[in-house]
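**Q** This structure is in structure tokens; I'll ask about it shortly.
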Amino acid sequence: MSTTVVVIGAGPYGLSTAAHLKARGLHVRVFGSPMASWAENMPAGMLLKSPPSASMLSAPQRGFTLDDYCRGLGETRLTGHDQVPVEMFVRYGRWFAEQLVPEVENIRVLGVDRQADGFHLKLASGEELRAAAVVVASGMDGFAYVPEPLAGLVPEGLVSHSSQHPDLASFAGQDVVVVGAGQSAQESAALLHEAGARVQLLARTGNLVFGGGPTPPPHWQPDTPLGRSWALYAVVHQAAAFRFLPERTRLRLVKRVLGPFGSWWLRPRLDGVVPVRLGEHITGARRDGDRLTLATRDGAGHAHTVETGHVLAATGYRVRLDVLDFVAPEVRAELARTAGFPRLDAGLQSSVPGLYFTGIQAAATFGPLLRFTCGTKFAALRLAAALAARG
């Protein structure tokens, strides 16, 4: 049977895209488990970096914000700079799916290949289908990055990425070194300490950076879902123009705007609480029985060693299209790229006609906004308009 659009992924971007496509009257099939990566790859007790007003999925009509969910189901309403627990955000996303995209199919897509009239897909259920267009909304899946000196020890269980642990309480009583300086690293270190682990935080940077806390008015800079500044105002409201910037500038901004820093409310959970080793980078790692010895070097060139039972690499994600093994190699080979990201047009279509990318995979084209859930509104509206125009 011919299907108009297939959406691969059922996180915030996939669900938002599907809701807007349906509102346009398009025939859509969505494959994935609603909010699965948020439930399975984020640690229990995590708080979102974004405030309640920016922790949202995009719906084609009113009534489906996080606050609408809380009011409708009797959960505690969050306002202003309240922190959003990841568990609440998962419940909200699944409620959004039940209300607007109840037909999500928890089936894995095994293959996407091109045909003369669109795409041929193979599903884990054994079904095969055709689609006129495919939207890849697979989020961070497959993009977890572990630095080279540590990567070889991941199979041995002595090193893991922060996305592998839905419950850090399993490290209670153990020695753990957390590597990184951003929100994930800082919050993982705090959660590990609070769970009873003996934790150290190791980072290249000379100082941990924290965001500014709430300030009373008057405010001289505009407020945005990402924070209060003129630069962030441009990132949010001029995302469509971002793709016209020089490639080098775009990549630098994607990496640096709202780069490695922790939320203001993490400072009291770390300062004077969790030991930190700043200004050191890892040069090597070796196994010593059931423990691990790290070799590091500081900014002055001095060598150091650190012994631990486990290393948690909270070192972020790197978009690499070649890990999307459900896309046929021949199709991946046709994708024009910008430093690993797919090169997209104004409607989020790649160089392969009918193949679209959204979320973090669109960040090199439309900017840092697409790294955050509040970017769902921009992306879903543009995708829906582009696909509706295709007929």
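For the structure tokens, the naming scheme is as follows: chains receive sequential letters (A, B, ...) according to their order of presentation, residues are indexed from 1 within each chain, and ligands are indexed from 1 in presentation order.
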What are the DSSP alpha helix (DSSP H) residues of stretch 186-286 of chain A, as number ranges by chain?
**A** A: 186-194, 230-237, 239-242, 247-256, 267-270
**Q** For those residues, write C-alpha atoms to a file as a PDB file, in the first residue's frame.
**A**
ATOM      1  CA  GLN A 186      27.612  18.445  35.935  1.00  0.00           C
ATOM      2  CA  GLU A 187      24.196  16.945  36.613  1.00  0.00           C
ATOM      3  CA  SER A 188      25.503  13.370  36.359  1.00  0.00           C
ATOM      4  CA  ALA A 189      28.199  14.197  38.921  1.00  0.00           C
ATOM      5  CA  ALA A 190      25.598  15.707  41.261  1.00  0.00           C
ATOM      6  CA  LEU A 191      23.233  12.748  40.890  1.00  0.00           C
ATOM      7  CA  LEU A 192      26.036  10.227  41.411  1.00  0.00           C
ATOM      8  CA  HIS A 193      27.157  11.980  44.600  1.00  0.00           C
ATOM      9  CA  GLU A 194      23.571  12.121  45.870  1.00  0.00           C
ATOM     10  CA  TRP A 230      19.862  39.507  21.862  1.00  0.00           C
ATOM     11  CA  ALA A 231      22.060  36.713  20.490  1.00  0.00           C
ATOM     12  CA  LEU A 232      19.569  34.047  21.583  1.00  0.00           C
ATOM     13  CA  TYR A 233      16.719  36.146  20.200  1.00  0.00           C
ATOM     14  CA  ALA A 234      18.384  35.909  16.779  1.00  0.00           C
ATOM     15  CA  VAL A 235      18.945  32.157  17.136  1.00  0.00           C
ATOM     16  CA  VAL A 236      15.246  31.604  17.949  1.00  0.00           C
ATOM     17  CA  HIS A 237      13.578  34.094  15.619  1.00  0.00           C
ATOM     18  CA  ALA A 239      16.509  30.274  12.382  1.00  0.00           C
ATOM     19  CA  ALA A 240      15.260  30.324   8.770  1.00  0.00           C
ATOM     20  CA  ALA A 241      18.071  32.709   7.828  1.00  0.00           C
ATOM     21  CA  PHE A 242      20.765  30.711   9.639  1.00  0.00           C
ATOM     22  CA  GLU A 247      29.457  27.082   6.683  1.00  0.00           C
ATOM     23  CA  ARG A 248      32.318  27.692   9.107  1.00  0.00           C
ATOM     24  CA  THR A 249      30.271  30.292  10.972  1.00  0.00           C
ATOM     25  CA  ARG A 250      27.252  27.991  11.222  1.00  0.00           C
ATOM     26  CA  LEU A 251      29.275  25.118  12.626  1.00  0.00           C
ATOM     27  CA  ARG A 252      31.002  27.372  15.162  1.00  0.00           C
ATOM     28  CA  LEU A 253      27.674  28.773  16.369  1.00  0.00           C
ATOM     29  CA  VAL A 254      26.056  25.332  16.617  1.00  0.00           C
ATOM     30  CA  LYS A 255      28.914  24.217  18.834  1.00  0.00           C
ATOM     31  CA  ARG A 256      29.372  27.337  20.961  1.00  0.00           C
ATOM     32  CA  ARG A 267      26.050  25.235  41.416  1.00  0.00           C
ATOM     33  CA  PRO A 268      25.053  24.530  45.056  1.00  0.00           C
ATOM     34  CA  ARG A 269      24.983  20.786  44.304  1.00  0.00           C
ATOM     35  CA  LEU A 270      28.598  20.863  43.055  1.00  0.00           C
TER      36      LEU A 270
END
**Q** For A:Ala285, please output as a list in words all residues within 8 Å (counting only C-alpha atoms; exclusion window: fewer than 4 positions along the same chain).
**A**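 These residues fall inside the cut-off: Pro149, Leu150, Leu292, Thr293, Leu294 and Ala295 of chain A.
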**Q** What does the distance between atom CA of A:Ala386 and atom CA of A:Gly25 come to in Å, to one decimal place?
**A** 13.3 Å
**Q** Of the candidates A:Phe326, A:His302, A:Ala313, A:Leu369, which shows the shortest atom-to-atom distance to A:Ala151, using only C-alpha atoms?
**A**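 Between A:Phe326, A:His302, A:Ala313, A:Leu369, the residue approaching A:Ala151 most closely is A:Ala313.
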**Q** Please identify which residues in stretch 4-125 of chain A DSSP calls strand (DSSP E) from the backbone, and express them as a list in words.
**A**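 So, restricting stretch 4-125 of chain A to strand (DSSP E), we get Thr4, Val5, Val6, Val7, Ile8, Val28, Arg29, Val30, Phe31, Val109, Leu110, Gly111, Val112, Asp113, Arg114, Gln115, Gly118, Phe119, His120, Leu121, Lys122 and Leu123 of chain A.
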**Q** For A:Ala54, which of A:Gly354, A:Gly32, A:Gly80, A:Gly11 is the closest residue, counting only C-alpha atoms?
**A** A:Gly80
**Q** Would you give me, as CSV, each residue of stretch 310-370 of chain A having an atom within 12 Å of an atom of stretch 98-118 of chain A, along with its shortest atom pair and that distance in Å to one decimal, using only C-alpha atoms and sorting by chain and residue number?
**A**
residue,atom,partner,partner_atom,distance
A:Leu324,CA,A:Gly111,CA,9.8
A:Asp325,CA,A:Gly111,CA,7.8
A:Phe326,CA,A:Gly111,CA,4.5
A:Val327,CA,A:Val112,CA,4.8
A:Ala328,CA,A:Asp113,CA,5.4
A:Pro329,CA,A:Asp113,CA,8.7
A:Glu330,CA,A:Asp113,CA,8.0
A:Val331,CA,A:Asp113,CA,6.6
A:Arg332,CA,A:Asp113,CA,9.6
A:Ala333,CA,A:Asp113,CA,11.8
A:Glu334,CA,A:Arg114,CA,10.9
A:Val352,CA,A:Arg114,CA,9.1
A:Pro353,CA,A:Gly118,CA,8.5
A:Gly354,CA,A:Gly118,CA,7.0
A:Leu355,CA,A:Gly118,CA,9.1
**Q** Write out the residues from the selection above, keeping all heavy atoms, as an mmCIF file, in the first residue's frame.
**A**
data_model
loop_
_atom_site.group_PDB
_atom_site.id
_atom_site.type_symbol
_atom_site.label_atom_id
_atom_site.label_comp_id
_atom_site.auth_asym_id
_atom_site.auth_seq_id
_atom_site.Cartn_x
_atom_site.Cartn_y
_atom_site.Cartn_z
ATOM 1 N N LEU A 324 23.378 5.731 10.762
ATOM 2 C CA LEU A 324 21.959 5.488 10.503
ATOM 3 C C LEU A 324 21.836 4.284 9.582
ATOM 4 O O LEU A 324 21.536 4.393 8.386
ATOM 5 C CB LEU A 324 21.309 6.732 9.874
ATOM 6 C CG LEU A 324 21.412 8.027 10.691
ATOM 7 C CD1 LEU A 324 20.735 9.172 9.951
ATOM 8 C CD2 LEU A 324 20.779 7.849 12.069
ATOM 9 N N ASP A 325 22.052 3.099 10.157
ATOM 10 C CA ASP A 325 22.145 1.896 9.334
ATOM 11 C C ASP A 325 20.812 1.470 8.734
ATOM 12 O O ASP A 325 20.780 0.580 7.876
ATOM 13 C CB ASP A 325 22.771 0.745 10.117
ATOM 14 C CG ASP A 325 22.044 0.444 11.420
ATOM 15 O OD1 ASP A 325 21.021 1.094 11.711
ATOM 16 O OD2 ASP A 325 22.517 -0.444 12.169
ATOM 17 N N PHE A 326 19.704 2.081 9.168
ATOM 18 C CA PHE A 326 18.422 1.742 8.550
ATOM 19 C C PHE A 326 18.261 2.438 7.194
ATOM 20 O O PHE A 326 17.370 2.076 6.415
ATOM 21 C CB PHE A 326 17.246 2.121 9.474
ATOM 22 C CG PHE A 326 17.208 3.566 9.887
ATOM 23 C CD1 PHE A 326 16.596 4.509 9.090
ATOM 24 C CD2 PHE A 326 17.774 3.970 11.080
ATOM 25 C CE1 PHE A 326 16.545 5.838 9.461
ATOM 26 C CE2 PHE A 326 17.731 5.295 11.478
ATOM 27 C CZ PHE A 326 17.126 6.237 10.661
ATOM 28 N N VAL A 327 19.099 3.417 6.904
ATOM 29 C CA VAL A 327 19.088 4.056 5.590
ATOM 30 C C VAL A 327 20.075 3.310 4.706
ATOM 31 O O VAL A 327 21.238 3.115 5.086
ATOM 32 C CB VAL A 327 19.478 5.545 5.685
ATOM 33 C CG1 VAL A 327 19.488 6.191 4.296
ATOM 34 C CG2 VAL A 327 18.517 6.294 6.605
ATOM 35 N N ALA A 328 19.630 2.868 3.547
ATOM 36 C CA ALA A 328 20.475 2.069 2.660
ATOM 37 C C ALA A 328 21.787 2.783 2.365
ATOM 38 O O ALA A 328 21.809 4.014 2.198
ATOM 39 C CB ALA A 328 19.733 1.779 1.354
ATOM 40 N N PRO A 329 22.904 2.044 2.301
ATOM 41 C CA PRO A 329 24.207 2.659 2.034
ATOM 42 C C PRO A 329 24.205 3.516 0.765
ATOM 43 O O PRO A 329 24.847 4.571 0.722
ATOM 44 C CB PRO A 329 25.145 1.463 1.891
ATOM 45 C CG PRO A 329 24.485 0.374 2.694
ATOM 46 C CD PRO A 329 23.015 0.593 2.522
ATOM 47 N N GLU A 330 23.484 3.058 -0.264
ATOM 48 C CA GLU A 330 23.436 3.816 -1.513
ATOM 49 C C GLU A 330 22.744 5.162 -1.321
ATOM 50 O O GLU A 330 23.128 6.163 -1.942
ATOM 51 C CB GLU A 330 22.702 3.011 -2.594
ATOM 52 C CG GLU A 330 23.374 1.700 -2.967
ATOM 53 C CD GLU A 330 23.109 0.589 -1.958
ATOM 54 O OE1 GLU A 330 22.249 0.772 -1.062
ATOM 55 O OE2 GLU A 330 23.770 -0.465 -2.070
ATOM 56 N N VAL A 331 21.740 5.195 -0.448
ATOM 57 C CA VAL A 331 21.043 6.456 -0.179
ATOM 58 C C VAL A 331 21.926 7.368 0.665
ATOM 59 O O VAL A 331 22.032 8.574 0.405
ATOM 60 C CB VAL A 331 19.703 6.180 0.542
ATOM 61 C CG1 VAL A 331 19.010 7.491 0.900
ATOM 62 C CG2 VAL A 331 18.793 5.330 -0.334
ATOM 63 N N ARG A 332 22.588 6.799 1.685
ATOM 64 C CA ARG A 332 23.485 7.612 2.519
ATOM 65 C C ARG A 332 24.606 8.215 1.676
ATOM 66 O O ARG A 332 25.033 9.349 1.918
ATOM 67 C CB ARG A 332 24.077 6.756 3.641
ATOM 68 C CG ARG A 332 23.153 6.619 4.836
ATOM 69 C CD ARG A 332 23.834 5.879 5.972
ATOM 70 N NE ARG A 332 23.640 4.434 5.884
ATOM 71 C CZ ARG A 332 24.591 3.532 6.001
ATOM 72 N NH1 ARG A 332 25.844 3.906 6.196
ATOM 73 N NH2 ARG A 332 24.313 2.246 5.934
ATOM 74 N N ALA A 333 25.079 7.461 0.687
ATOM 75 C CA ALA A 333 26.172 7.952 -0.148
ATOM 76 C C ALA A 333 25.758 9.166 -0.976
ATOM 77 O O ALA A 333 26.609 9.974 -1.379
ATOM 78 C CB ALA A 333 26.664 6.835 -1.074
ATOM 79 N N GLU A 334 24.465 9.307 -1.235
ATOM 80 C CA GLU A 334 23.971 10.433 -2.029
ATOM 81 C C GLU A 334 23.747 11.691 -1.205
ATOM 82 O O GLU A 334 23.513 12.766 -1.766
ATOM 83 C CB GLU A 334 22.647 10.053 -2.703
ATOM 84 C CG GLU A 334 22.758 8.988 -3.770
ATOM 85 C CD GLU A 334 21.401 8.733 -4.422
ATOM 86 O OE1 GLU A 334 20.716 9.727 -4.770
ATOM 87 O OE2 GLU A 334 21.017 7.566 -4.559
ATOM 88 N N VAL A 352 18.702 14.148 -1.179
ATOM 89 C CA VAL A 352 17.931 13.034 -1.735
ATOM 90 C C VAL A 352 16.465 13.454 -1.725
ATOM 91 O O VAL A 352 15.867 13.598 -0.652
ATOM 92 C CB VAL A 352 18.125 11.755 -0.902
ATOM 93 C CG1 VAL A 352 17.219 10.637 -1.409
ATOM 94 C CG2 VAL A 352 19.583 11.314 -0.936
ATOM 95 N N PRO A 353 15.859 13.695 -2.873
ATOM 96 C CA PRO A 353 14.477 14.183 -2.907
ATOM 97 C C PRO A 353 13.524 13.290 -2.111
ATOM 98 O O PRO A 353 13.534 12.066 -2.252
ATOM 99 C CB PRO A 353 14.134 14.160 -4.401
ATOM 100 C CG PRO A 353 15.460 14.300 -5.080
ATOM 101 C CD PRO A 353 16.425 13.542 -4.221
ATOM 102 N N GLY A 354 12.729 13.916 -1.237
ATOM 103 C CA GLY A 354 11.750 13.183 -0.450
ATOM 104 C C GLY A 354 12.264 12.679 0.881
ATOM 105 O O GLY A 354 11.487 12.152 1.680
ATOM 106 N N LEU A 355 13.564 12.861 1.154
ATOM 107 C CA LEU A 355 14.140 12.418 2.428
ATOM 108 C C LEU A 355 14.455 13.651 3.279
ATOM 109 O O LEU A 355 15.266 14.491 2.891
ATOM 110 C CB LEU A 355 15.405 11.599 2.193
ATOM 111 C CG LEU A 355 16.081 11.014 3.442
ATOM 112 C CD1 LEU A 355 15.151 10.069 4.199
ATOM 113 C CD2 LEU A 355 17.376 10.297 3.057
#
**Q** For a test of reading the model, state the distance in Å between atom CA of A:Arg320 and atom CA of A:Phe143, rounded to one decimal.
**A**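 Between these atoms lies a distance of 6.5 Å.
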**Q** Write out as a list of chain:residue names which residues come within 9 Å of A:Val178 when counting only C-alpha atoms, dropping same-chain ones fewer than 4 positions away.
**A**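 In the requested format, the answer is A:Ser162, A:Ala185, A:Gln186, A:Ser188, A:Ala189, A:Val199, A:Gln200, A:Leu201, A:Leu202, A:Ala203, A:His310, A:Val311, A:Leu312, A:Ala313, A:Ala314.
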**Q** Pick out the closest residue to A:Arg337 from this set: A:Gln238, A:Ser350, A:Ser125, A:Thr215. Count only C-alpha atoms.
**A**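 Closest residue, counting only C-alpha atoms: A:Ser350.
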**Q** Which residues come within 12 Å of A:Asp68, counting only C-alpha atoms, excluding same-chain residues fewer than 6 positions away, as a ChimeraX atom specification?
**A** /A:52-53,56-57,59,62,74-78,92-93,95-96
**Q** Residues near A:Arg287, anyone? I mean within 10 Å using only C-alpha atoms, not counting same-chain ones fewer than 3 positions away, as a list of chain:residue names.
**A** A:Leu153, A:Glu156, A:Leu158, A:Asp290, A:Arg291, A:Leu292, A:Thr293, A:Leu294, A:Glu307, A:Gly309
**Q** Using only C-alpha atoms, find the one residue out of A:Phe366, A:Phe64, A:Phe119, A:Tyr13 that sits nearest to A:Phe244.
**A** A:Phe366
